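**Student:** Sending over upload_3.csv (CSV, C-alpha atoms and all ligand atoms).
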chain,number,residue,atom,x,y,z
A,25,MET,CA,144.4,87.9,92.2
A,26,LEU,CA,140.9,88.6,93.5
A,27,ASP,CA,141.7,86.4,96.5
A,28,TYR,CA,144.8,88.4,97.1
A,29,ILE,CA,142.8,91.7,97.2
A,30,ARG,CA,140.1,90.1,99.4
A,31,LYS,CA,142.8,89.0,101.9
A,32,LEU,CA,144.3,92.5,101.9
A,33,ILE,CA,141.0,94.1,102.7
A,34,HIS,CA,139.2,91.6,104.9
A,35,GLY,CA,142.0,89.5,106.3
A,36,PRO,CA,142.1,85.7,106.0
A,37,PHE,CA,139.1,84.0,104.4
A,38,ILE,CA,138.1,80.6,103.3
A,39,LYS,CA,135.9,79.3,100.6
A,40,VAL,CA,133.2,76.8,101.5
A,41,ARG,CA,131.0,74.8,99.2
A,42,SER,CA,127.3,75.0,99.8
A,43,PHE,CA,126.3,72.1,102.1
A,44,ARG,CA,123.2,71.6,100.1
A,45,ASN,CA,124.0,72.5,96.5
A,46,SER,CA,127.5,71.5,95.5
A,47,GLY,CA,127.6,74.1,92.8
A,48,GLU,CA,127.6,77.1,95.1
A,49,VAL,CA,130.7,78.4,96.8
A,50,TYR,CA,130.5,80.9,99.7
A,51,VAL,CA,133.3,82.9,101.3
A,52,CYS,CA,133.8,83.0,105.0
A,53,TYR,CA,135.8,86.0,106.3
A,54,LEU,CA,137.5,84.8,109.4
A,55,ARG,CA,138.4,88.2,110.9
A,56,GLU,CA,134.9,89.7,110.7
A,57,ALA,CA,132.8,86.5,111.1
A,58,ARG,CA,131.1,87.3,107.8
A,59,CYS,CA,129.8,84.9,105.1
A,60,THR,CA,128.5,85.5,101.6
A,61,CYS,CA,125.7,82.9,101.9
A,62,PRO,CA,122.1,84.1,101.6
A,63,ASP,CA,121.3,83.0,105.2
A,64,TRP,CA,124.1,85.2,106.6
A,65,LYS,CA,123.2,88.2,104.4
A,66,LYS,CA,119.5,88.1,105.0
A,67,ARG,CA,119.2,87.0,108.7
A,68,ARG,CA,122.6,87.2,110.5
A,69,SER,CA,124.5,90.2,109.3
A,70,ALA,CA,122.7,92.6,111.8
A,71,TYR,CA,123.9,90.7,114.8
A,72,SER,CA,127.1,92.0,116.5
A,73,LYS,CA,130.4,90.1,116.2
A,74,THR,CA,130.0,88.9,119.8
A,75,ASP,CA,126.6,87.4,119.2
A,76,PRO,CA,126.5,83.7,118.4
A,77,GLN,CA,123.4,84.3,116.2
A,78,ARG,CA,125.8,85.7,113.7
A,79,LEU,CA,127.0,82.2,113.0
A,80,CYS,CA,125.5,80.7,109.8
A,81,LYS,CA,126.2,77.0,109.3
A,82,HIS,CA,129.4,77.8,107.4
A,83,LEU,CA,130.8,80.1,110.1
A,84,ALA,CA,129.7,77.7,112.7
A,85,SER,CA,131.5,74.8,111.0
A,86,GLU,CA,134.7,77.0,110.7
A,87,TYR,CA,134.3,78.2,114.3
A,88,ASP,CA,137.9,77.1,115.3
A,89,ARG,CA,139.4,79.2,112.6
A,90,LEU,CA,137.5,82.5,113.3
A,91,GLU,CA,139.8,85.2,114.5
A,92,ASN,CA,137.3,86.8,116.9
A,93,PRO,CA,134.7,84.1,117.4
A,94,PRO,CA,131.3,85.1,118.9
A,95,ASN,CA,132.0,83.5,122.2
A,96,GLY,CA,129.3,81.5,124.0
A,97,HIS,CA,128.3,83.7,126.9
A,98,ASN,CA,127.0,80.9,128.9
A,99,PRO,CA,127.3,77.1,128.9
A,100,GLU,CA,124.0,76.7,127.1
A,101,GLN,CA,125.3,78.8,124.2
A,102,GLU,CA,128.6,77.0,124.1
A,103,LYS,CA,126.7,73.7,123.9
A,104,GLN,CA,124.6,75.1,121.1
A,105,ILE,CA,127.7,76.1,119.1
A,106,ALA,CA,129.1,72.6,119.5
A,107,LEU,CA,125.8,71.2,118.2
A,108,CYS,CA,125.8,73.6,115.2
A,109,ARG,CA,129.3,72.4,114.3
A,110,LYS,CA,128.4,68.8,114.7
A,111,TYR,CA,125.2,69.0,112.6
A,112,ARG,CA,126.4,71.7,110.3
A,113,VAL,CA,123.5,74.0,111.1
A,114,GLY,CA,123.4,77.7,111.8
A,115,TYR,CA,123.0,79.0,115.4
A,116,PRO,CA,119.3,79.1,116.3
A,117,LEU,CA,118.0,82.6,115.8
A,118,GLY,CA,115.9,84.5,118.3
A,119,TRP,CA,116.5,81.9,121.0
A,120,MET,CA,116.2,82.8,124.6
A,121,TYR,CA,115.4,81.7,128.1
A,122,LEU,CA,112.9,83.9,129.9
A,123,GLU,CA,112.5,83.6,133.7
A,124,THR,CA,108.9,84.3,134.6
A,125,GLN,CA,107.0,83.9,137.9
A,126,ASP,CA,105.6,80.7,136.4
A,127,GLY,CA,109.0,79.3,135.7
A,128,LEU,CA,111.5,79.2,132.9
A,129,MET,CA,110.2,79.7,129.3
A,130,ASP,CA,112.3,78.5,126.4
A,131,ILE,CA,111.5,80.7,123.4
A,132,ARG,CA,112.7,80.1,119.9
A,133,GLN,CA,112.0,81.9,116.7
A,134,SER,CA,110.6,79.5,114.1
A,135,PRO,CA,113.3,78.8,111.5
A,136,SER,CA,110.7,78.4,108.7
A,137,ASP,CA,108.6,81.5,109.5
A,138,PRO,CA,110.4,84.3,111.5
A,139,ALA,CA,107.0,85.8,112.4
A,140,TRP,CA,106.4,82.9,114.8
A,141,PHE,CA,108.0,82.1,118.1
A,142,ASN,CA,107.7,78.7,119.7
A,143,VAL,CA,107.4,78.8,123.5
A,144,TYR,CA,108.3,75.7,125.4
A,145,HIS,CA,107.2,75.4,129.1
A,146,ASP,CA,106.7,72.3,131.3
A,147,GLY,CA,106.6,69.9,128.3
A,148,ASP,CA,104.0,72.0,126.4
A,149,GLN,CA,104.5,74.0,123.2
A,150,TYR,CA,102.8,77.3,122.3
A,151,GLY,CA,103.1,79.4,119.2
A,152,PHE,CA,103.1,83.2,119.2
A,153,ASN,CA,103.0,85.4,116.0
A,154,HIS,CA,104.7,88.7,116.9
A,155,GLU,CA,103.6,90.4,113.7
A,156,GLU,CA,99.9,89.6,114.2
A,157,CYS,CA,100.3,89.6,118.0
A,158,ARG,CA,98.3,86.4,118.5
A,159,TRP,CA,98.7,83.0,120.0
A,160,SER,CA,98.3,79.9,117.9
A,161,TYR,CA,94.7,78.6,118.4
A,162,GLY,CA,94.4,81.2,121.1
A,163,ASN,CA,96.3,78.8,123.4
A,164,GLN,CA,98.4,80.9,125.8
A,165,PRO,CA,101.1,79.7,128.2
A,166,PRO,CA,101.3,80.9,131.8
A,167,SER,CA,102.9,84.4,132.1
A,168,ALA,CA,101.7,85.1,128.5
A,169,LYS,CA,101.5,88.8,128.9
A,170,GLU,CA,105.1,89.0,130.2
A,171,ILE,CA,106.3,86.9,127.2
A,172,VAL,CA,104.5,89.1,124.7
A,173,GLN,CA,106.0,92.2,126.3
A,174,VAL,CA,109.5,90.8,125.9
A,175,LEU,CA,108.9,89.6,122.4
A,176,LEU,CA,107.5,93.0,121.3
A,177,GLY,CA,110.2,94.8,123.2
A,178,LEU,CA,107.7,96.8,125.3
A,179,PRO,CA,108.6,98.5,128.6
A,180,PRO,CA,107.4,97.0,131.9
A,181,THR,CA,103.7,97.2,132.9
A,182,LEU,CA,102.7,100.6,134.0
A,183,ALA,CA,101.1,101.2,137.4
A,184,GLU,CA,97.3,101.6,137.5
A,185,ASP,CA,97.5,105.2,138.3
A,186,ALA,CA,100.1,106.0,135.6
A,187,VAL,CA,97.5,107.9,133.5
A,188,THR,CA,96.7,111.4,134.8
A,189,THR,CA,93.7,113.3,133.4
A,190,VAL,CA,94.7,116.7,132.0
A,191,SER,CA,91.3,117.9,130.7
A,192,ARG,CA,87.6,117.0,130.6
A,193,LYS,CA,85.0,118.4,128.3
A,194,ARG,CA,81.3,117.8,129.1
A,195,LEU,CA,79.2,117.0,126.1
A,196,ASP,CA,76.0,116.2,127.9
A,197,LYS,CA,74.9,114.7,131.2
A,198,TRP,CA,76.3,111.3,130.3
A,199,LYS,CA,79.2,112.0,128.0
A,200,ARG,CA,82.7,113.5,128.4
A,201,ASP,CA,85.6,114.0,126.1
A,202,VAL,CA,88.6,113.4,128.4
A,203,VAL,CA,92.3,113.7,127.7
A,204,GLY,CA,94.8,111.7,129.7
A,205,GLU,CA,98.5,111.9,129.8
A,206,CYS,CA,100.8,108.9,130.5
A,207,GLU,CA,104.6,109.3,130.7
A,208,GLY,CA,104.5,112.1,128.2
A,209,VAL,CA,102.1,110.4,125.8
A,210,THR,CA,98.6,111.9,125.4
A,211,PHE,CA,95.4,109.8,125.0
A,212,SER,CA,91.9,110.9,124.4
A,213,ALA,CA,88.7,109.1,125.1
A,214,ARG,CA,85.0,109.7,124.8
A,215,VAL,CA,83.6,108.3,128.0
A,216,ASN,CA,79.9,107.4,128.1
A,217,GLY,CA,78.4,107.0,131.6
A,218,LYS,CA,75.6,104.8,130.3
A,219,ALA,CA,77.5,102.5,127.9
A,220,LYS,CA,79.5,99.5,128.8
A,221,TRP,CA,82.0,99.8,125.9
A,222,GLN,CA,84.4,102.8,126.4
A,223,ARG,CA,86.6,103.9,123.5
A,224,GLY,CA,89.7,105.9,123.3
A,225,VAL,CA,92.3,107.0,120.8
A,226,TYR,CA,96.1,107.0,121.0
A,227,ASP,CA,98.1,108.3,118.0
A,228,GLN,CA,95.2,107.8,115.7
A,229,ALA,CA,94.7,104.2,116.7
A,230,GLY,CA,91.8,103.1,118.9
A,231,PHE,CA,91.5,101.1,122.1
A,232,ALA,CA,88.3,100.0,123.8
A,233,LEU,CA,87.4,98.5,127.1
A,234,HIS,CA,84.2,96.7,128.0
A,235,LEU,CA,83.4,97.7,131.6
A,236,GLY,CA,81.2,94.7,132.1
A,237,THR,CA,83.4,91.9,130.9
A,238,GLY,CA,86.8,93.5,131.3
A,239,GLU,CA,87.5,92.7,127.6
A,240,PHE,CA,90.1,95.0,126.1
A,241,GLU,CA,90.6,95.8,122.4
A,242,ILE,CA,94.1,97.3,122.3
A,243,GLN,CA,96.9,97.5,119.9
A,244,PRO,CA,100.0,95.4,120.7
A,245,ARG,CA,102.3,98.3,121.4
A,246,LEU,CA,100.0,99.6,124.2
A,247,LEU,CA,99.8,96.2,126.0
A,248,HIS,CA,102.0,97.4,128.8
A,249,MET,CA,99.5,100.3,129.4
A,250,GLU,CA,96.5,98.0,129.6
A,251,GLU,CA,96.0,98.2,133.4
A,252,ALA,CA,96.7,101.9,133.5
A,253,LEU,CA,94.2,102.6,130.7
A,254,ALA,CA,91.5,100.3,132.2
A,255,SER,CA,91.7,101.9,135.6
A,256,TRP,CA,91.6,105.4,134.0
A,257,LEU,CA,88.5,104.7,131.9
A,258,ARG,CA,86.7,103.1,134.9
A,259,ALA,CA,87.4,106.1,137.1
A,260,GLU,CA,86.2,108.5,134.4
A,261,TYR,CA,83.0,106.4,133.9
A,262,GLN,CA,82.3,106.4,137.6
A,263,GLN,CA,82.8,110.1,137.9
A,264,ILE,CA,80.2,110.8,135.2
A,265,ARG,CA,77.7,108.5,137.0
A,266,ASP,CA,78.4,110.2,140.3
A,267,GLU,CA,77.9,113.7,138.8
A,268,ALA,CA,74.7,112.6,137.1
A,269,ALA,CA,73.4,111.1,140.4
A,270,ALA,CA,74.3,114.4,142.2
A,271,GLU,CA,72.4,116.4,139.7
A,272,LYS,CA,69.2,114.4,140.3
A,273,ARG,CA,69.2,115.2,144.0
B,1,ZN,ZN,127.3,81.0,105.4
Could you express the structure from this file as structure tokens?
**Tutor:**
Amino acid sequence: MLDYIRKLIHGPFIKVRSFRNSGEVYVCYLREARCTCPDWKKRRSAYSKTDPQRLCKHLASEYDRLENPPNGHNPEQEKQIALCRKYRVGYPLGWMYLETQDGLMDIRQSPSDPAWFNVYHDGDQYGFNHEECRWSYGNQPPSAKEIVQVLLGLPPTLAEDAVTTVSRKRLDKWKRDVVGECEGVTFSARVNGKAKWQRGVYDQAGFALHLGTGEFEIQPRLLHMEEALASWLRAEYQQIRDEAAAEKR
């Protein structure tokens, strides 16, 4: 009876036994590409019906019977679906190829810890933690910044002159409070014409640039603004020094 009602509401479905634990039974709904297993509910339900990442190992193994299967959009994905069926595994999550100026990057989210992405390039493997925004052992692949921008979903790098100064307030001969605007976002910084470290604030979070070493302390979501902010802070610093020199004369 319950099966009859299910069929009425969701269309045809099949019951599959858990591949690991023979006691569990899951239900695959063939019309919606939906499964009742924990993997599907927790990690796959948010993907659209056309996305192969929606396929848990049960849906992948019943791929032929799905009414609207998430089609492979390219030969690589089709190959991947065939492998999933053969080995009874779910479609790899967070998997992509990224074309960079240093060549093709093969990026996969770690199945055991979704915070980590494995990046494969030229026979080398790198690990990136997108929650902590750091590379495993500090070991970065070529085009690291581009990869991070993609993994964090950031817009493209802004031009160096993207920050425009909207106001300056002189505190003393060597210090200014300056406010910069960048694509509708306002930053503020206290620029010190004598110190090497320059610090600013964006949305209550800080960033800092060392003018000597070029070292930047910046929160991940501002990474695409790094060049613009660095150039802006350098220009403000130089202006203070020029003004101080002019006063001397
Ligand atoms: Zn499943």
**Student:** Go through A:Lys81, A:Lys193, A:Arg67, A:Arg258 one by one, measure the shortest atom-to-atom distance of each to ligand ZN 1 (chain B) using only C-alpha atoms and all ligand atoms, and give the residue with the smallest value.
**Tutor:**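 Answer, going by the shortest atom-to-atom distance: A:Lys81.
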**Student:** Point out the residue among A:Lys218, A:Ala186, A:Ser42, A:Pro244 with the least atom-to-atom distance to Gly230 in chain A, counting all atoms listed in the file.
**Tutor:**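 Checking each of A:Lys218, A:Ala186, A:Ser42, A:Pro244 against Gly230 in chain A, counting all atoms listed in the file, the winner is A:Pro244.
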**Student:** For ligand ZN 1 (chain B), return the neighbouring residues as a list in words (distance at most 8 Å; only C-alpha atoms and all ligand atoms).
**Tutor:** Tyr50, Val51, Cys52, Arg58, Cys59, Thr60, Cys61, Pro62, Asp63, Trp64, Leu79, Cys80, Lys81, His82 and Leu83 of chain A
**Student:** What is the CA of Tyr53 in chain A-CA of Gly118 in chain A distance in Å, reported with one decimal?
**Tutor:** 23.3 Å
**Student:** Calculate how many Å separate CA of Thr74 in chain A from CA of Ile38 in chain A, rounding to one decimal.
**Tutor:** 20.2 Å
